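The next block is target28.pdb, given as PDB, N, CA and C atoms.
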ATOM      1  N   MET Q 229     -17.904  27.147 -13.066  1.00  0.00           N
ATOM      2  CA  MET Q 229     -16.578  26.742 -12.610  1.00  0.00           C
ATOM      3  C   MET Q 229     -16.448  26.825 -11.086  1.00  0.00           C
ATOM      4  N   GLU Q 230     -17.140  27.770 -10.495  1.00  0.00           N
ATOM      5  CA  GLU Q 230     -17.076  27.913  -9.039  1.00  0.00           C
ATOM      6  C   GLU Q 230     -17.640  26.675  -8.351  1.00  0.00           C
ATOM      7  N   ASN Q 231     -18.708  26.099  -8.901  1.00  0.00           N
ATOM      8  CA  ASN Q 231     -19.285  24.882  -8.334  1.00  0.00           C
ATOM      9  C   ASN Q 231     -18.290  23.728  -8.376  1.00  0.00           C
ATOM     10  N   LEU Q 232     -17.562  23.616  -9.489  1.00  0.00           N
ATOM     11  CA  LEU Q 232     -16.553  22.564  -9.620  1.00  0.00           C
ATOM     12  C   LEU Q 232     -15.445  22.764  -8.596  1.00  0.00           C
ATOM     13  N   LYS Q 233     -15.000  23.994  -8.455  1.00  0.00           N
ATOM     14  CA  LYS Q 233     -13.952  24.310  -7.477  1.00  0.00           C
ATOM     15  C   LYS Q 233     -14.414  23.958  -6.074  1.00  0.00           C
ATOM     16  N   ASN Q 234     -15.636  24.326  -5.724  1.00  0.00           N
ATOM     17  CA  ASN Q 234     -16.174  24.047  -4.389  1.00  0.00           C
ATOM     18  C   ASN Q 234     -16.304  22.543  -4.153  1.00  0.00           C
ATOM     19  N   ALA Q 235     -16.763  21.823  -5.165  1.00  0.00           N
ATOM     20  CA  ALA Q 235     -16.900  20.371  -5.035  1.00  0.00           C
ATOM     21  C   ALA Q 235     -15.544  19.714  -4.831  1.00  0.00           C
ATOM     22  N   ARG Q 236     -14.546  20.165  -5.551  1.00  0.00           N
ATOM     23  CA  ARG Q 236     -13.190  19.608  -5.393  1.00  0.00           C
ATOM     24  C   ARG Q 236     -12.607  19.936  -4.023  1.00  0.00           C
ATOM     25  N   GLU Q 237     -12.866  21.138  -3.538  1.00  0.00           N
ATOM     26  CA  GLU Q 237     -12.393  21.511  -2.209  1.00  0.00           C
ATOM     27  C   GLU Q 237     -13.060  20.646  -1.144  1.00  0.00           C
ATOM     28  N   GLU Q 238     -14.348  20.384  -1.331  1.00  0.00           N
ATOM     29  CA  GLU Q 238     -15.045  19.512  -0.392  1.00  0.00           C
ATOM     30  C   GLU Q 238     -14.448  18.100  -0.414  1.00  0.00           C
ATOM     31  N   LEU Q 239     -14.150  17.598  -1.597  1.00  0.00           N
ATOM     32  CA  LEU Q 239     -13.517  16.280  -1.704  1.00  0.00           C
ATOM     33  C   LEU Q 239     -12.166  16.249  -0.993  1.00  0.00           C
ATOM     34  N   ASN Q 240     -11.402  17.317  -1.140  1.00  0.00           N
ATOM     35  CA  ASN Q 240     -10.103  17.384  -0.466  1.00  0.00           C
ATOM     36  C   ASN Q 240     -10.262  17.341   1.055  1.00  0.00           C
ATOM     37  N   ARG Q 241     -11.262  18.059   1.572  1.00  0.00           N
ATOM     38  CA  ARG Q 241     -11.510  18.043   3.022  1.00  0.00           C
ATOM     39  C   ARG Q 241     -11.935  16.647   3.476  1.00  0.00           C
ATOM     40  N   ILE Q 242     -12.797  16.019   2.706  1.00  0.00           N
ATOM     41  CA  ILE Q 242     -13.253  14.662   3.042  1.00  0.00           C
ATOM     42  C   ILE Q 242     -12.078  13.692   3.005  1.00  0.00           C
ATOM     43  N   ASP Q 243     -11.224  13.810   1.993  1.00  0.00           N
ATOM     44  CA  ASP Q 243     -10.061  12.923   1.897  1.00  0.00           C
ATOM     45  C   ASP Q 243      -9.125  13.091   3.092  1.00  0.00           C
ATOM     46  N   GLU Q 244      -8.972  14.313   3.573  1.00  0.00           N
ATOM     47  CA  GLU Q 244      -8.157  14.538   4.768  1.00  0.00           C
ATOM     48  C   GLU Q 244      -8.760  13.817   5.970  1.00  0.00           C
ATOM     49  N   GLU Q 245     -10.077  13.919   6.116  1.00  0.00           N
ATOM     50  CA  GLU Q 245     -10.757  13.231   7.212  1.00  0.00           C
ATOM     51  C   GLU Q 245     -10.612  11.718   7.074  1.00  0.00           C
ATOM     52  N   LEU Q 246     -10.772  11.221   5.852  1.00  0.00           N
ATOM     53  CA  LEU Q 246     -10.650   9.782   5.614  1.00  0.00           C
ATOM     54  C   LEU Q 246      -9.249   9.273   5.965  1.00  0.00           C
ATOM     55  N   ALA Q 247      -8.238  10.040   5.624  1.00  0.00           N
ATOM     56  CA  ALA Q 247      -6.866   9.623   5.934  1.00  0.00           C
ATOM     57  C   ALA Q 247      -6.684   9.500   7.442  1.00  0.00           C
ATOM     58  N   GLY Q 248      -7.182  10.473   8.184  1.00  0.00           N
ATOM     59  CA  GLY Q 248      -7.085  10.418   9.646  1.00  0.00           C
ATOM     60  C   GLY Q 248      -7.878   9.252  10.220  1.00  0.00           C
ATOM     61  N   LEU Q 249      -9.080   9.040   9.702  1.00  0.00           N
ATOM     62  CA  LEU Q 249      -9.908   7.923  10.163  1.00  0.00           C
ATOM     63  C   LEU Q 249      -9.254   6.587   9.833  1.00  0.00           C
ATOM     64  N   PHE Q 250      -8.645   6.502   8.664  1.00  0.00           N
ATOM     65  CA  PHE Q 250      -7.955   5.268   8.280  1.00  0.00           C
ATOM     66  C   PHE Q 250      -6.821   4.953   9.251  1.00  0.00           C
ATOM     67  N   GLU Q 251      -6.047   5.958   9.586  1.00  0.00           N
ATOM     68  CA  GLU Q 251      -4.955   5.747  10.543  1.00  0.00           C
ATOM     69  C   GLU Q 251      -5.489   5.303  11.898  1.00  0.00           C
ATOM     70  N   ARG Q 252      -6.547   5.945  12.367  1.00  0.00           N
ATOM     71  CA  ARG Q 252      -7.150   5.545  13.646  1.00  0.00           C
ATOM     72  C   ARG Q 252      -7.651   4.115  13.583  1.00  0.00           C
ATOM     73  N   ARG Q 253      -8.282   3.756  12.475  1.00  0.00           N
ATOM     74  CA  ARG Q 253      -8.829   2.406  12.331  1.00  0.00           C
ATOM     75  C   ARG Q 253      -7.711   1.368  12.343  1.00  0.00           C
ATOM     76  N   MET Q 254      -6.628   1.649  11.642  1.00  0.00           N
ATOM     77  CA  MET Q 254      -5.528   0.690  11.577  1.00  0.00           C
ATOM     78  C   MET Q 254      -4.871   0.505  12.949  1.00  0.00           C
ATOM     79  N   LYS Q 255      -4.812   1.565  13.735  1.00  0.00           N
ATOM     80  CA  LYS Q 255      -4.286   1.441  15.094  1.00  0.00           C
ATOM     81  C   LYS Q 255      -5.209   0.580  15.948  1.00  0.00           C
ATOM     82  N   ALA Q 256      -6.516   0.767  15.777  1.00  0.00           N
ATOM     83  CA  ALA Q 256      -7.482  -0.052  16.520  1.00  0.00           C
ATOM     84  C   ALA Q 256      -7.398  -1.508  16.081  1.00  0.00           C
ATOM     85  N   VAL Q 257      -7.216  -1.734  14.799  1.00  0.00           N
ATOM     86  CA  VAL Q 257      -7.053  -3.107  14.287  1.00  0.00           C
ATOM     87  C   VAL Q 257      -5.831  -3.758  14.921  1.00  0.00           C
ATOM     88  N   SER Q 258      -4.760  -3.016  15.047  1.00  0.00           N
ATOM     89  CA  SER Q 258      -3.546  -3.549  15.682  1.00  0.00           C
ATOM     90  C   SER Q 258      -3.804  -3.936  17.126  1.00  0.00           C
ATOM     91  N   ARG Q 259      -4.564  -3.101  17.830  1.00  0.00           N
ATOM     92  CA  ARG Q 259      -4.871  -3.413  19.228  1.00  0.00           C
ATOM     93  C   ARG Q 259      -5.737  -4.667  19.323  1.00  0.00           C
ATOM     94  N   VAL Q 260      -6.715  -4.808  18.424  1.00  0.00           N
ATOM     95  CA  VAL Q 260      -7.549  -6.018  18.415  1.00  0.00           C
ATOM     96  C   VAL Q 260      -6.683  -7.240  18.155  1.00  0.00           C
ATOM     97  N   ALA Q 261      -5.793  -7.160  17.173  1.00  0.00           N
ATOM     98  CA  ALA Q 261      -4.918  -8.295  16.850  1.00  0.00           C
ATOM     99  C   ALA Q 261      -4.030  -8.650  18.049  1.00  0.00           C
ATOM    100  N   GLU Q 262      -3.485  -7.650  18.714  1.00  0.00           N
ATOM    101  CA  GLU Q 262      -2.644  -7.901  19.884  1.00  0.00           C
ATOM    102  C   GLU Q 262      -3.433  -8.603  20.985  1.00  0.00           C
ATOM    103  N   CYS Q 263      -4.661  -8.139  21.225  1.00  0.00           N
ATOM    104  CA  CYS Q 263      -5.510  -8.763  22.248  1.00  0.00           C
ATOM    105  C   CYS Q 263      -5.816 -10.210  21.887  1.00  0.00           C
ATOM    106  N   LYS Q 264      -6.152 -10.452  20.633  1.00  0.00           N
ATOM    107  CA  LYS Q 264      -6.464 -11.812  20.197  1.00  0.00           C
ATOM    108  C   LYS Q 264      -5.256 -12.733  20.366  1.00  0.00           C
ATOM    109  N   MET Q 265      -4.083 -12.242  19.990  1.00  0.00           N
ATOM    110  CA  MET Q 265      -2.871 -13.059  20.130  1.00  0.00           C
ATOM    111  C   MET Q 265      -2.590 -13.352  21.599  1.00  0.00           C
ATOM    112  N   ALA Q 266      -2.769 -12.356  22.449  1.00  0.00           N
ATOM    113  CA  ALA Q 266      -2.536 -12.550  23.877  1.00  0.00           C
ATOM    114  C   ALA Q 266      -3.501 -13.573  24.465  1.00  0.00           C
ATOM    115  N   LEU Q 267      -4.698 -13.656  23.900  1.00  0.00           N
ATOM    116  CA  LEU Q 267      -5.697 -14.618  24.370  1.00  0.00           C
ATOM    117  C   LEU Q 267      -5.607 -15.964  23.657  1.00  0.00           C
ATOM    118  N   GLY Q 268      -4.678 -16.055  22.719  1.00  0.00           N
ATOM    119  CA  GLY Q 268      -4.523 -17.296  21.975  1.00  0.00           C
ATOM    120  C   GLY Q 268      -5.621 -17.532  20.947  1.00  0.00           C
ATOM    121  N   LEU Q 269      -6.277 -16.457  20.529  1.00  0.00           N
ATOM    122  CA  LEU Q 269      -7.344 -16.556  19.546  1.00  0.00           C
ATOM    123  C   LEU Q 269      -6.779 -16.319  18.140  1.00  0.00           C
ATOM    124  N   PRO Q 270      -7.416 -16.905  17.135  1.00  0.00           N
ATOM    125  CA  PRO Q 270      -6.971 -16.612  15.767  1.00  0.00           C
ATOM    126  C   PRO Q 270      -7.247 -15.146  15.430  1.00  0.00           C
ATOM    127  N   VAL Q 271      -6.310 -14.535  14.749  1.00  0.00           N
ATOM    128  CA  VAL Q 271      -6.458 -13.118  14.404  1.00  0.00           C
ATOM    129  C   VAL Q 271      -7.541 -12.949  13.340  1.00  0.00           C
ATOM    130  N   GLU Q 272      -7.585 -13.857  12.398  1.00  0.00           N
ATOM    131  CA  GLU Q 272      -8.553 -13.762  11.303  1.00  0.00           C
ATOM    132  C   GLU Q 272      -9.803 -14.567  11.622  1.00  0.00           C
ATOM    133  N   ASN Q 273     -10.956 -13.955  11.349  1.00  0.00           N
ATOM    134  CA  ASN Q 273     -12.242 -14.624  11.566  1.00  0.00           C
ATOM    135  C   ASN Q 273     -13.168 -14.205  10.424  1.00  0.00           C
ATOM    136  N   LYS Q 274     -13.124 -14.967   9.333  1.00  0.00           N
ATOM    137  CA  LYS Q 274     -13.859 -14.610   8.117  1.00  0.00           C
ATOM    138  C   LYS Q 274     -15.366 -14.513   8.349  1.00  0.00           C
ATOM    139  N   GLU Q 275     -15.924 -15.409   9.163  1.00  0.00           N
ATOM    140  CA  GLU Q 275     -17.362 -15.380   9.415  1.00  0.00           C
ATOM    141  C   GLU Q 275     -17.757 -14.081  10.115  1.00  0.00           C
ATOM    142  N   PHE Q 276     -17.010 -13.708  11.150  1.00  0.00           N
ATOM    143  CA  PHE Q 276     -17.283 -12.460  11.872  1.00  0.00           C
ATOM    144  C   PHE Q 276     -17.136 -11.261  10.943  1.00  0.00           C
ATOM    145  N   GLU Q 277     -16.083 -11.279  10.119  1.00  0.00           N
ATOM    146  CA  GLU Q 277     -15.842 -10.168   9.200  1.00  0.00           C
ATOM    147  C   GLU Q 277     -17.002 -10.023   8.218  1.00  0.00           C
ATOM    148  N   SER Q 278     -17.481 -11.132   7.670  1.00  0.00           N
ATOM    149  CA  SER Q 278     -18.604 -11.089   6.720  1.00  0.00           C
ATOM    150  C   SER Q 278     -19.866 -10.554   7.372  1.00  0.00           C
ATOM    151  N   GLU Q 279     -20.143 -11.009   8.582  1.00  0.00           N
ATOM    152  CA  GLU Q 279     -21.323 -10.525   9.308  1.00  0.00           C
ATOM    153  C   GLU Q 279     -21.208  -9.035   9.597  1.00  0.00           C
ATOM    154  N   THR Q 280     -20.031  -8.612   9.992  1.00  0.00           N
ATOM    155  CA  THR Q 280     -19.805  -7.206  10.315  1.00  0.00           C
ATOM    156  C   THR Q 280     -19.968  -6.333   9.073  1.00  0.00           C
ATOM    157  N   ILE Q 281     -19.430  -6.776   7.954  1.00  0.00           N
ATOM    158  CA  ILE Q 281     -19.544  -6.012   6.712  1.00  0.00           C
ATOM    159  C   ILE Q 281     -21.007  -5.907   6.301  1.00  0.00           C
ATOM    160  N   ALA Q 282     -21.749  -6.986   6.428  1.00  0.00           N
ATOM    161  CA  ALA Q 282     -23.173  -6.965   6.076  1.00  0.00           C
ATOM    162  C   ALA Q 282     -23.935  -5.969   6.949  1.00  0.00           C
ATOM    163  N   LYS Q 283     -23.635  -5.946   8.232  1.00  0.00           N
ATOM    164  CA  LYS Q 283     -24.297  -4.998   9.142  1.00  0.00           C
ATOM    165  C   LYS Q 283     -23.934  -3.559   8.788  1.00  0.00           C
ATOM    166  N   LYS Q 284     -22.665  -3.332   8.517  1.00  0.00           N
ATOM    167  CA  LYS Q 284     -22.217  -1.968   8.206  1.00  0.00           C
ATOM    168  C   LYS Q 284     -22.769  -1.498   6.865  1.00  0.00           C
ATOM    169  N   ALA Q 285     -22.977  -2.423   5.946  1.00  0.00           N
ATOM    170  CA  ALA Q 285     -23.536  -2.056   4.641  1.00  0.00           C
ATOM    171  C   ALA Q 285     -24.938  -1.491   4.796  1.00  0.00           C
ATOM    172  N   GLU Q 286     -25.631  -1.907   5.832  1.00  0.00           N
ATOM    173  CA  GLU Q 286     -26.988  -1.403   6.071  1.00  0.00           C
ATOM    174  C   GLU Q 286     -26.983   0.079   6.420  1.00  0.00           C
ATOM    175  N   MET Q 287     -25.851   0.624   6.801  1.00  0.00           N
ATOM    176  CA  MET Q 287     -25.758   2.046   7.122  1.00  0.00           C
ATOM    177  C   MET Q 287     -25.811   2.924   5.873  1.00  0.00           C
ATOM    178  N   VAL Q 288     -25.559   2.309   4.717  1.00  0.00           N
ATOM    179  CA  VAL Q 288     -25.588   3.054   3.460  1.00  0.00           C
ATOM    180  C   VAL Q 288     -26.997   2.955   2.884  1.00  0.00           C
ATOM    181  N   GLU Q 289     -27.659   4.076   2.821  1.00  0.00           N
ATOM    182  CA  GLU Q 289     -29.044   4.098   2.369  1.00  0.00           C
ATOM    183  C   GLU Q 289     -29.178   4.072   0.855  1.00  0.00           C
ATOM    184  N   ASP Q 290     -28.221   4.637   0.152  1.00  0.00           N
ATOM    185  CA  ASP Q 290     -28.284   4.728  -1.307  1.00  0.00           C
ATOM    186  C   ASP Q 290     -27.915   3.381  -1.928  1.00  0.00           C
ATOM    187  N   SER Q 291     -28.914   2.700  -2.458  1.00  0.00           N
ATOM    188  CA  SER Q 291     -28.684   1.357  -3.004  1.00  0.00           C
ATOM    189  C   SER Q 291     -27.738   1.362  -4.204  1.00  0.00           C
ATOM    190  N   LYS Q 292     -27.602   2.506  -4.862  1.00  0.00           N
ATOM    191  CA  LYS Q 292     -26.716   2.599  -6.024  1.00  0.00           C
ATOM    192  C   LYS Q 292     -25.245   2.505  -5.630  1.00  0.00           C
ATOM    193  N   ILE Q 293     -24.925   2.871  -4.411  1.00  0.00           N
ATOM    194  CA  ILE Q 293     -23.514   2.869  -4.002  1.00  0.00           C
ATOM    195  C   ILE Q 293     -23.207   1.851  -2.904  1.00  0.00           C
ATOM    196  N   LYS Q 294     -24.221   1.148  -2.422  1.00  0.00           N
ATOM    197  CA  LYS Q 294     -24.011   0.199  -1.322  1.00  0.00           C
ATOM    198  C   LYS Q 294     -22.954  -0.845  -1.670  1.00  0.00           C
ATOM    199  N   SER Q 295     -22.988  -1.378  -2.883  1.00  0.00           N
ATOM    200  CA  SER Q 295     -22.020  -2.409  -3.267  1.00  0.00           C
ATOM    201  C   SER Q 295     -20.595  -1.855  -3.273  1.00  0.00           C
ATOM    202  N   TYR Q 296     -20.443  -0.565  -3.589  1.00  0.00           N
ATOM    203  CA  TYR Q 296     -19.114   0.048  -3.552  1.00  0.00           C
ATOM    204  C   TYR Q 296     -18.596   0.117  -2.112  1.00  0.00           C
ATOM    205  N   TYR Q 297     -19.498   0.393  -1.195  1.00  0.00           N
ATOM    206  CA  TYR Q 297     -19.118   0.443   0.212  1.00  0.00           C
ATOM    207  C   TYR Q 297     -18.725  -0.947   0.709  1.00  0.00           C
ATOM    208  N   VAL Q 298     -19.478  -1.951   0.300  1.00  0.00           N
ATOM    209  CA  VAL Q 298     -19.143  -3.328   0.671  1.00  0.00           C
ATOM    210  C   VAL Q 298     -17.760  -3.681   0.129  1.00  0.00           C
ATOM    211  N   ASN Q 299     -17.504  -3.355  -1.127  1.00  0.00           N
ATOM    212  CA  ASN Q 299     -16.183  -3.620  -1.710  1.00  0.00           C
ATOM    213  C   ASN Q 299     -15.083  -2.884  -0.957  1.00  0.00           C
ATOM    214  N   PHE Q 300     -15.364  -1.644  -0.592  1.00  0.00           N
ATOM    215  CA  PHE Q 300     -14.409  -0.843   0.172  1.00  0.00           C
ATOM    216  C   PHE Q 300     -14.082  -1.527   1.500  1.00  0.00           C
ATOM    217  N   LEU Q 301     -15.118  -1.971   2.208  1.00  0.00           N
ATOM    218  CA  LEU Q 301     -14.897  -2.640   3.495  1.00  0.00           C
ATOM    219  C   LEU Q 301     -14.160  -3.963   3.318  1.00  0.00           C
ATOM    220  N   GLU Q 302     -14.507  -4.710   2.302  1.00  0.00           N
ATOM    221  CA  GLU Q 302     -13.813  -5.980   2.045  1.00  0.00           C
ATOM    222  C   GLU Q 302     -12.337  -5.744   1.769  1.00  0.00           C
ATOM    223  N   ASP Q 303     -12.030  -4.695   0.992  1.00  0.00           N
ATOM    224  CA  ASP Q 303     -10.633  -4.368   0.734  1.00  0.00           C
ATOM    225  C   ASP Q 303      -9.927  -3.907   2.002  1.00  0.00           C
ATOM    226  N   LEU Q 304     -10.634  -3.162   2.820  1.00  0.00           N
ATOM    227  CA  LEU Q 304     -10.079  -2.649   4.058  1.00  0.00           C
ATOM    228  C   LEU Q 304      -9.756  -3.778   5.022  1.00  0.00           C
ATOM    229  N   VAL Q 305     -10.653  -4.747   5.118  1.00  0.00           N
ATOM    230  CA  VAL Q 305     -10.483  -5.863   6.040  1.00  0.00           C
ATOM    231  C   VAL Q 305      -9.498  -6.893   5.480  1.00  0.00           C
ATOM    232  N   GLY Q 306      -9.562  -7.074   4.152  1.00  0.00           N
ATOM    233  CA  GLY Q 306      -8.788  -8.104   3.475  1.00  0.00           C
ATOM    234  C   GLY Q 306      -7.356  -8.075   3.787  1.00  0.00           C
TER     235      GLY Q 306
END
Encoded form using structure tokens:
Amino acid sequence: MENLKNAREELNRIDEELAGLFERRMKAVSRVAECKMALGLPVENKEFESETIAKKAEMVEDSKIKSYYVNFLEDLVG
């Protein structure tokens, strides 16, 4: 039971970090969108997003979970 408790506590710590990172990312996304609008560029660029997701997927070494990470990024960008 102690192992389960420790694993859950670790998940809680990771979730706290993820929440903070998510907020930081969304603020950065807003700044990118503002810059693009100021430059008269389209905010959405599906080709760039797909290329970026493919590159970031390479950071995940475990092939069993790579597709989950890709789905996560697609949902995040979507």
- prompt: Exactly which residues make up the result of the PyMOL selection byres (((chain Q and resi 263-277 and name CA) around 12) and name CA) on this file, given as a ChimeraX atom specification?
  reply: /Q:256-262,278-284,298,301-306
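Between CA of Glu245 (chain Q) and CA of Phe300 (chain Q) lies a distance of 16.2 Å.
Take CA of Ala285 (chain Q) and CA of Lys255 (chain Q): the distance between them is 22.2 Å.
CA of Ile242 (chain Q) is positioned 16.9 Å from CA of Val288 (chain Q).
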- prompt: How would you write, as a ChimeraX atom specification, the set of residues in chain Q that DSSP gives as alpha helix (DSSP H)?
  reply: /Q:230-266,274-285,294-305
